[in-house]
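This is data_22.tsv (TSV, C-alpha atoms and all ligand atoms).
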```
chain	number	residue	atom	x	y	z
M	1	MET	CA	0.00	0.00	0.00
M	2	MET	CA	2.86	2.42	0.86
M	3	ALA	CA	4.37	1.75	-2.58
M	4	TRP	CA	1.05	2.65	-4.21
M	5	PHE	CA	0.91	6.05	-2.51
M	6	ARG	CA	4.38	6.84	-3.91
M	7	LEU	CA	3.37	6.06	-7.52
M	8	ASP	CA	2.79	8.76	-10.13
M	9	LYS	CA	-0.87	8.59	-11.09
M	10	PRO	CA	-2.35	6.95	-13.05
M	11	GLY	CA	-0.65	3.76	-11.98
M	12	PRO	CA	-1.64	0.21	-11.24
M	13	SER	CA	-4.19	-0.31	-8.47
M	14	PRO	CA	-3.09	-1.08	-4.88
M	15	PHE	CA	-4.26	-4.65	-5.48
M	16	ALA	CA	-2.04	-4.94	-8.57
M	17	VAL	CA	0.91	-3.39	-6.70
M	18	ALA	CA	0.46	-5.89	-3.86
M	19	TYR	CA	-0.17	-9.01	-5.99
M	20	GLY	CA	1.30	-8.20	-9.43
M	21	GLU	CA	-2.01	-8.87	-11.21
M	22	MET	CA	-5.61	-7.70	-11.24
M	23	LEU	CA	-8.22	-9.03	-8.85
M	24	TRP	CA	-10.16	-10.75	-11.65
M	25	GLU	CA	-6.97	-12.37	-12.96
M	26	ARG	CA	-6.07	-13.67	-9.51
M	27	THR	CA	-9.48	-15.25	-8.86
M	28	ASP	CA	-8.68	-17.53	-11.82
M	29	HIS	CA	-5.92	-19.36	-9.91
M	30	ASP	CA	-6.54	-18.51	-6.23
M	31	ALA	CA	-9.51	-20.70	-5.34
M	32	GLY	CA	-9.80	-19.29	-1.79
M	33	LEU	CA	-9.94	-15.70	-3.03
M	34	ASN	CA	-12.43	-16.69	-5.75
M	35	VAL	CA	-14.80	-18.19	-3.16
M	36	LEU	CA	-14.35	-15.23	-0.81
M	37	VAL	CA	-14.96	-12.52	-3.44
M	38	ASN	CA	-17.93	-14.26	-5.08
M	39	GLY	CA	-19.53	-15.04	-1.72
M	40	ALA	CA	-19.11	-11.45	-0.51
M	41	LEU	CA	-20.70	-10.08	-3.68
M	42	ALA	CA	-23.58	-12.54	-3.48
M	43	ALA	CA	-24.19	-11.36	0.11
M	44	ASP	CA	-24.14	-7.75	-1.12
M	45	SER	CA	-26.83	-8.64	-3.68
M	46	ARG	CA	-28.98	-10.44	-1.09
M	47	PHE	CA	-28.93	-7.30	1.05
M	48	LEU	CA	-29.21	-4.56	-1.56
M	49	MET	CA	-31.29	-5.98	-4.40
M	50	PRO	CA	-34.56	-6.07	-2.39
M	51	ILE	CA	-34.02	-2.36	-1.58
M	52	PHE	CA	-33.32	-1.58	-5.23
M	53	LEU	CA	-36.39	-3.55	-6.36
M	54	LYS	CA	-38.60	-1.88	-3.75
M	55	GLU	CA	-37.42	1.62	-4.64
M	56	CYS	CA	-36.99	1.28	-8.40
M	57	GLY	CA	-38.50	-2.05	-9.47
M	58	GLU	CA	-40.41	-0.30	-12.24
M	59	VAL	CA	-37.23	-0.32	-14.36
M	60	PHE	CA	-38.12	-3.97	-15.08
M	61	ASP	CA	-41.76	-3.36	-16.00
M	62	GLY	CA	-42.42	-4.76	-19.47
M	63	VAL	CA	-39.07	-6.59	-19.60
M	64	ASP	CA	-39.07	-10.10	-21.11
M	65	SER	CA	-35.38	-10.99	-21.03
M	66	LEU	CA	-32.20	-9.74	-19.46
M	67	VAL	CA	-28.55	-10.67	-19.21
M	68	ASP	CA	-26.71	-9.80	-16.01
M	69	VAL	CA	-23.19	-8.90	-17.17
M	70	GLY	CA	-20.55	-9.67	-14.53
M	71	GLY	CA	-23.45	-11.18	-12.61
M	72	GLY	CA	-21.29	-13.30	-10.30
M	73	LEU	CA	-23.07	-16.24	-8.68
M	74	GLY	CA	-26.45	-14.92	-9.84
M	75	GLY	CA	-27.60	-13.23	-6.61
M	76	ALA	CA	-29.07	-10.22	-8.40
M	77	ALA	CA	-30.69	-12.42	-11.06
M	78	ALA	CA	-32.32	-14.49	-8.29
M	79	ALA	CA	-33.71	-11.36	-6.61
M	80	ILE	CA	-35.06	-10.11	-9.95
M	81	ALA	CA	-36.62	-13.55	-10.55
M	82	ALA	CA	-38.41	-13.41	-7.21
M	83	ALA	CA	-40.02	-10.08	-8.13
M	84	PHE	CA	-40.45	-10.70	-11.89
M	85	PRO	CA	-40.69	-14.47	-12.39
M	86	HIS	CA	-41.59	-14.16	-16.08
M	87	ILE	CA	-38.29	-12.51	-17.06
M	88	LYS	CA	-35.94	-14.88	-18.93
M	89	ARG	CA	-32.53	-14.46	-17.29
M	90	SER	CA	-28.93	-15.22	-18.11
M	91	VAL	CA	-25.77	-14.41	-16.18
M	92	LEU	CA	-22.45	-13.75	-17.92
M	93	ASP	CA	-19.29	-14.01	-15.85
M	94	LEU	CA	-15.76	-15.39	-15.98
M	95	PRO	CA	-15.46	-19.19	-16.22
M	96	GLN	CA	-14.01	-19.55	-12.69
M	97	VAL	CA	-17.04	-17.71	-11.27
M	98	VAL	CA	-19.73	-19.45	-13.32
M	99	ALA	CA	-18.18	-22.82	-12.38
M	100	ASP	CA	-19.26	-22.21	-8.75
M	101	ALA	CA	-22.74	-20.90	-9.56
M	102	PRO	CA	-25.63	-22.64	-7.81
M	103	TYR	CA	-27.65	-25.06	-9.94
M	104	ASP	CA	-30.75	-23.24	-11.17
M	105	THR	CA	-32.66	-24.44	-14.19
M	106	ASN	CA	-34.31	-21.03	-14.56
M	107	VAL	CA	-31.06	-19.14	-15.15
M	108	GLU	CA	-28.65	-19.67	-18.00
M	109	TYR	CA	-25.07	-19.17	-16.77
M	110	VAL	CA	-22.73	-18.15	-19.58
M	111	PRO	CA	-18.98	-18.41	-19.00
M	112	GLY	CA	-17.29	-15.69	-21.01
M	113	ASP	CA	-15.58	-12.35	-21.27
M	114	MET	CA	-17.62	-9.15	-21.47
M	115	PHE	CA	-14.71	-7.53	-23.36
M	116	GLU	CA	-15.19	-10.11	-26.11
M	117	SER	CA	-18.96	-10.38	-26.42
M	118	ILE	CA	-22.22	-10.26	-24.47
M	119	PRO	CA	-25.17	-12.59	-25.13
M	120	PRO	CA	-28.15	-10.79	-26.71
M	121	ALA	CA	-31.12	-9.78	-24.52
M	122	GLN	CA	-33.80	-7.11	-24.37
M	123	VAL	CA	-32.15	-5.54	-21.30
M	124	ILE	CA	-28.52	-5.59	-20.21
M	125	PHE	CA	-28.09	-5.38	-16.44
M	126	LEU	CA	-24.81	-4.45	-14.75
M	127	LYS	CA	-24.58	-4.30	-10.97
M	128	SER	CA	-21.36	-2.97	-9.45
M	129	THR	CA	-19.55	-3.87	-12.66
M	130	LEU	CA	-18.84	-0.69	-14.65
M	131	HIS	CA	-17.32	1.14	-11.70
M	132	ASP	CA	-14.66	-1.60	-11.42
M	133	TRP	CA	-13.03	-0.29	-14.58
M	134	GLY	CA	-11.27	2.71	-16.09
M	135	ASP	CA	-12.82	4.77	-18.88
M	136	GLU	CA	-11.30	2.80	-21.78
M	137	GLU	CA	-12.61	-0.51	-20.42
M	138	CYS	CA	-16.07	0.97	-19.68
M	139	VAL	CA	-16.30	2.20	-23.28
M	140	LYS	CA	-15.41	-1.30	-24.55
M	141	ILE	CA	-17.97	-3.00	-22.28
M	142	LEU	CA	-20.68	-0.50	-23.25
M	143	LYS	CA	-19.97	-0.91	-26.98
M	144	ASN	CA	-20.47	-4.66	-26.52
M	145	CYS	CA	-23.69	-3.93	-24.58
M	146	LYS	CA	-24.86	-1.83	-27.53
M	147	GLN	CA	-24.31	-4.78	-29.88
M	148	ALA	CA	-26.25	-7.12	-27.56
M	149	VAL	CA	-29.21	-5.00	-26.45
M	150	ALA	CA	-32.60	-4.91	-28.23
M	151	PRO	CA	-33.57	-1.71	-30.08
M	152	ARG	CA	-35.14	1.01	-27.97
M	153	ASP	CA	-38.57	0.63	-29.63
M	154	GLU	CA	-38.55	-3.01	-28.45
M	155	GLY	CA	-37.89	-1.97	-24.84
M	156	GLY	CA	-34.11	-2.29	-25.11
M	157	LYS	CA	-31.99	-0.55	-22.49
M	158	ILE	CA	-28.94	-0.94	-20.30
M	159	VAL	CA	-29.52	-0.76	-16.54
M	160	SER	CA	-26.42	-0.09	-14.45
M	161	VAL	CA	-26.61	-0.14	-10.67
M	162	PHE	CA	-23.77	0.73	-8.36
M	163	PHE	CA	-23.03	1.64	-4.82
M	164	ASP	CA	-20.77	4.40	-3.77
M	165	PHE	CA	-17.87	2.70	-2.03
M	166	ASP	CA	-14.12	2.87	-2.45
M	167	ILE	CA	-13.40	1.03	-5.65
M	168	LEU	CA	-9.97	2.53	-6.26
M	169	PHE	CA	-8.16	-0.48	-4.89
M	170	ILE	CA	-8.85	-2.39	-8.11
M	171	ASN	CA	-8.40	0.58	-10.50
M	172	GLY	CA	-12.07	1.39	-10.90
M	173	ALA	CA	-13.68	4.78	-10.41
M	174	GLU	CA	-16.77	6.37	-9.00
M	175	ARG	CA	-17.74	9.05	-11.53
M	176	ASP	CA	-19.88	12.15	-11.46
M	177	GLU	CA	-22.57	12.68	-14.09
M	178	GLN	CA	-20.32	14.55	-16.52
M	179	GLU	CA	-17.67	11.83	-16.32
M	180	TRP	CA	-20.27	9.10	-16.99
M	181	LYS	CA	-21.72	11.20	-19.83
M	182	ASP	CA	-18.29	11.34	-21.51
M	183	VAL	CA	-17.92	7.55	-21.22
M	184	PHE	CA	-21.45	6.99	-22.57
M	185	SER	CA	-20.97	9.26	-25.55
M	186	ARG	CA	-17.66	7.55	-26.43
M	187	ALA	CA	-19.58	4.24	-26.42
M	188	GLY	CA	-22.25	5.71	-28.73
M	189	PHE	CA	-25.00	6.47	-26.19
M	190	THR	CA	-26.60	9.90	-25.95
M	191	ASP	CA	-29.78	9.33	-23.95
M	192	TYR	CA	-29.71	8.25	-20.31
M	193	LYS	CA	-31.51	8.68	-16.99
M	194	ILE	CA	-29.89	8.67	-13.53
M	195	VAL	CA	-31.84	7.89	-10.36
M	196	SER	CA	-30.33	8.11	-6.88
M	197	VAL	CA	-31.61	5.72	-4.24
M	198	LEU	CA	-31.02	6.03	-0.49
M	199	GLY	CA	-28.14	8.43	-1.12
M	200	VAL	CA	-25.66	5.60	-1.74
M	201	MET	CA	-27.04	3.82	-4.77
M	202	SER	CA	-27.34	5.09	-8.31
M	203	ILE	CA	-29.20	3.53	-11.16
M	204	ILE	CA	-28.44	4.59	-14.70
M	205	GLU	CA	-30.69	3.64	-17.58
M	206	LEU	CA	-28.99	3.95	-20.96
M	207	TYR	CA	-31.07	3.87	-24.13
M	208	PRO	CA	-29.74	2.46	-27.42
X	301	LIG	C1	-17.85	-6.19	-8.44
X	301	LIG	S1	-18.29	-7.74	-9.11
X	301	LIG	C2	-20.03	-7.58	-9.25
X	301	LIG	C3	-20.72	-8.91	-9.21
X	301	LIG	C4	-22.24	-8.83	-9.23
X	301	LIG	N1	-22.73	-8.06	-10.35
X	301	LIG	C5	-22.74	-8.27	-7.93
X	301	LIG	O1	-23.11	-7.11	-7.86
X	301	LIG	O2	-22.71	-9.00	-6.94
X	301	LIG	C6	-17.74	-7.71	-10.77
X	301	LIG	C7	-17.97	-9.01	-11.50
X	301	LIG	O3	-17.42	-8.88	-12.82
X	301	LIG	C8	-16.86	-10.11	-13.17
X	301	LIG	N2	-15.89	-9.91	-14.25
X	301	LIG	C9	-14.65	-9.39	-14.18
X	301	LIG	N3	-14.09	-9.38	-15.39
X	301	LIG	C10	-15.00	-9.92	-16.25
X	301	LIG	C11	-14.99	-10.17	-17.66
X	301	LIG	N4	-13.93	-9.87	-18.41
X	301	LIG	N5	-16.10	-10.73	-18.22
X	301	LIG	C12	-17.18	-11.04	-17.46
X	301	LIG	N6	-17.25	-10.82	-16.12
X	301	LIG	C13	-16.16	-10.26	-15.53
X	301	LIG	C14	-16.21	-10.59	-11.88
X	301	LIG	O4	-15.91	-11.97	-11.91
X	301	LIG	C15	-17.29	-10.21	-10.87
X	301	LIG	O5	-18.22	-11.24	-10.67
```
What does this structure look like when you write it as structure tokens?
Ligand SMILES: C[S@@+](CC[C@H](N)C(=O)[O-])C[C@H]1O[C@@H](n2cnc3c(N)ncnc32)[C@H](O)[C@@H]1O
Amino acid sequence: MMAWFRLDKPGPSPFAVAYGEMLWERTDHDAGLNVLVNGALAADSRFLMPIFLKECGEVFDGVDSLVDVGGGLGGAAAAIAAAFPHIKRSVLDLPQVVADAPYDTNVEYVPGDMFESIPPAQVIFLKSTLHDWGDEECVKILKNCKQAVAPRDEGGKIVSVFFDFDILFINGAERDEQEWKDVFSRAGFTDYKIVSVLGVMSIIELYP
């Protein structure tokens, strides 16, 4: 950590300084860390998704299918299923994460890389995923979302949910509206809506 504070910015994240690789690279070969990280995120979803659905559940009104990109063990998808059982759901995440996902015949788990491609769906859902990354990576992810999402007149949209906590340790960023707007426009999106929930959560709807 001391070494990180002495770096000229922008530099590698504190995690990368400490371990010589990124968190998501390390979970591929550190089984204990993989279990710990995925379990912690699933717990986060169990706690926060019911609040999100209570406050802003209408974002899923009229939705028939969604893919949860970087959806971990499927905690958010399960919460959405409980509130909107008719929505066809898939979860895209890295192979080492999907391998540990609970068996659920109602969810399709897709091992893959969101920087390569995203399975098509009416709605693309990202919870605590975009803020893990720098601007260049966010633009790449969002361009892939644009390829995968249904047209706007068919109810297509991208729903991004995140919580304001310190994400700098893995080289991500919390951004203000102007900073998000710049990322969105570089990815080809011009129309969006931001809703704040409980002061700590933000939901952004992006329209193709
Ligand atoms: C902060 S976690 C959020 C997990 C989940 N959405 C949640 O809120 O609990 C970010 C997720 O992105 C996944 N991820 C990282 N790199 C990825 C990639 N290249 N393709 C797909 N998923 C990736 C991680 O494995 C992790 O599950």
Padded axis-aligned box of ligand LIG 301 (chain X) (6 Å per side), centre and edge lengths, Å, one decimal, as JSON:
```
{"center_x": -18.5, "center_y": -9.1, "center_z": -12.7, "size_x": 21.2, "size_y": 17.8, "size_z": 23.5}
```
* Return as a ChimeraX atom specification the residues of protein, DNA or RNA that approach ligand LIG 301 (chain X) to within 6 Å, with all atoms listed in the file taken into account. => /M:24,41-42,45,70-72,92-94,97,112-115,127-129
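Every protein or nucleic acid residue with an atom no more than 10 Å from Asp68 (chain M), counting all atoms listed in the file and leaving out same-chain residues fewer than 2 positions away, appears here: Leu66, Gly70, Gly71, Gly72, Gly74, Ala76, Ala77, Arg89, Ser90, Val91, Leu92, Asp93, Tyr109, Val110, Ile118, Pro119, Ala121, Val123, Ile124, Phe125, Leu126, Lys127, Thr129, Val159 and Ser160 of chain M.
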Counting only C-alpha atoms, what is within 9 Å of Met22 (chain M), bar same-chain residues fewer than 2 positions away, as an mmCIF file with C-alpha atoms, in the frame of the given file?
```cif
data_model
loop_
_atom_site.group_PDB
_atom_site.id
_atom_site.type_symbol
_atom_site.label_atom_id
_atom_site.label_comp_id
_atom_site.auth_asym_id
_atom_site.auth_seq_id
_atom_site.Cartn_x
_atom_site.Cartn_y
_atom_site.Cartn_z
ATOM 1 C CA PRO M 12 -1.640 0.210 -11.240
ATOM 2 C CA SER M 13 -4.190 -0.310 -8.470
ATOM 3 C CA PHE M 15 -4.260 -4.650 -5.480
ATOM 4 C CA ALA M 16 -2.040 -4.940 -8.570
ATOM 5 C CA TYR M 19 -0.170 -9.010 -5.990
ATOM 6 C CA GLY M 20 1.300 -8.200 -9.430
ATOM 7 C CA TRP M 24 -10.160 -10.750 -11.650
ATOM 8 C CA GLU M 25 -6.970 -12.370 -12.960
ATOM 9 C CA ARG M 26 -6.070 -13.670 -9.510
ATOM 10 C CA THR M 27 -9.480 -15.250 -8.860
ATOM 11 C CA ILE M 170 -8.850 -2.390 -8.110
ATOM 12 C CA ASN M 171 -8.400 0.580 -10.500
#
```
* Asked: Using all atoms listed in the file, which residue out of M:Ile204, M:Ile51, M:Leu142, M:Ala78 lies closest to Ala101 (chain M)?
  ->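 Checking each candidate against Ala101 (chain M), we get M:Ala78 as the closest.
Distance-wise, CA of Thr105 (chain M) and CA of Met49 (chain M) end up 20.9 Å apart.
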* Asked: If you count all atoms listed in the file, which residues fall within 6 Å of Val149 (chain M), apart from same-chain ones fewer than 3 positions away, as an MDAnalysis selection string?
  -> chainID M and resid 120:123 145:146 156
* **Top pick for closest residue to Gly62 (chain M), considering M:Met201, M:Ala81, M:Ala18, M:Ile87 and counting only C-alpha atoms** =>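 Closest to Gly62 (chain M) of all the choices is M:Ile87.
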* Asked: For Val59 (chain M), which residue among M:Ala150, M:Ala40, M:Ala99, M:Ile80 is the nearest when counting all atoms listed in the file?
  ->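 Between M:Ala150, M:Ala40, M:Ala99, M:Ile80, the residue approaching Val59 (chain M) most closely is M:Ile80.
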* Structure fact -> Gly32 (chain M) proximity check over M:Val161, M:Gln96, M:Asp44, M:Val183, using only C-alpha atoms: winner is M:Gln96
Residues near Pro85 (chain M), cut-off 10 Å, all atoms listed in the file, skip fewer than 6 positions along chain, as an mmCIF file with C-alpha atoms, in the frame of the given file:
```
data_model
loop_
_atom_site.group_PDB
_atom_site.id
_atom_site.type_symbol
_atom_site.label_atom_id
_atom_site.label_comp_id
_atom_site.auth_asym_id
_atom_site.auth_seq_id
_atom_site.Cartn_x
_atom_site.Cartn_y
_atom_site.Cartn_z
ATOM 1 C CA ASP M 64 -39.070 -10.100 -21.110
ATOM 2 C CA ALA M 78 -32.320 -14.490 -8.290
ATOM 3 C CA ALA M 79 -33.710 -11.360 -6.610
ATOM 4 C CA ASN M 106 -34.310 -21.030 -14.560
#
```
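Ranking M:Asp100, M:Tyr192, M:Ser202, M:Asp153 by their shortest atom-to-atom distance to Asp176 (chain M), with all atoms listed in the file included, puts M:Ser202 first.
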* Asked: Given the choices M:Val98, M:Leu130, M:Val69, M:Val107, which gets closest to Ala148 (chain M) if the distance is worked out from all atoms listed in the file?
  ->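 Using all atoms listed in the file, the shortest distance to Ala148 (chain M) belongs to M:Val69.
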* How many Å lie between CA of Val139 (chain M) and CA of Leu48 (chain M), rounded to one decimal? ->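 We find that CA of Val139 (chain M) and CA of Leu48 (chain M) lie 26.2 Å from each other.
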* Gap from CA of Glu55 (chain M) to CA of Val197 (chain M) - Å, one decimal ->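 Spanning CA of Glu55 (chain M) to CA of Val197 (chain M) is a straight-line distance of 7.1 Å.
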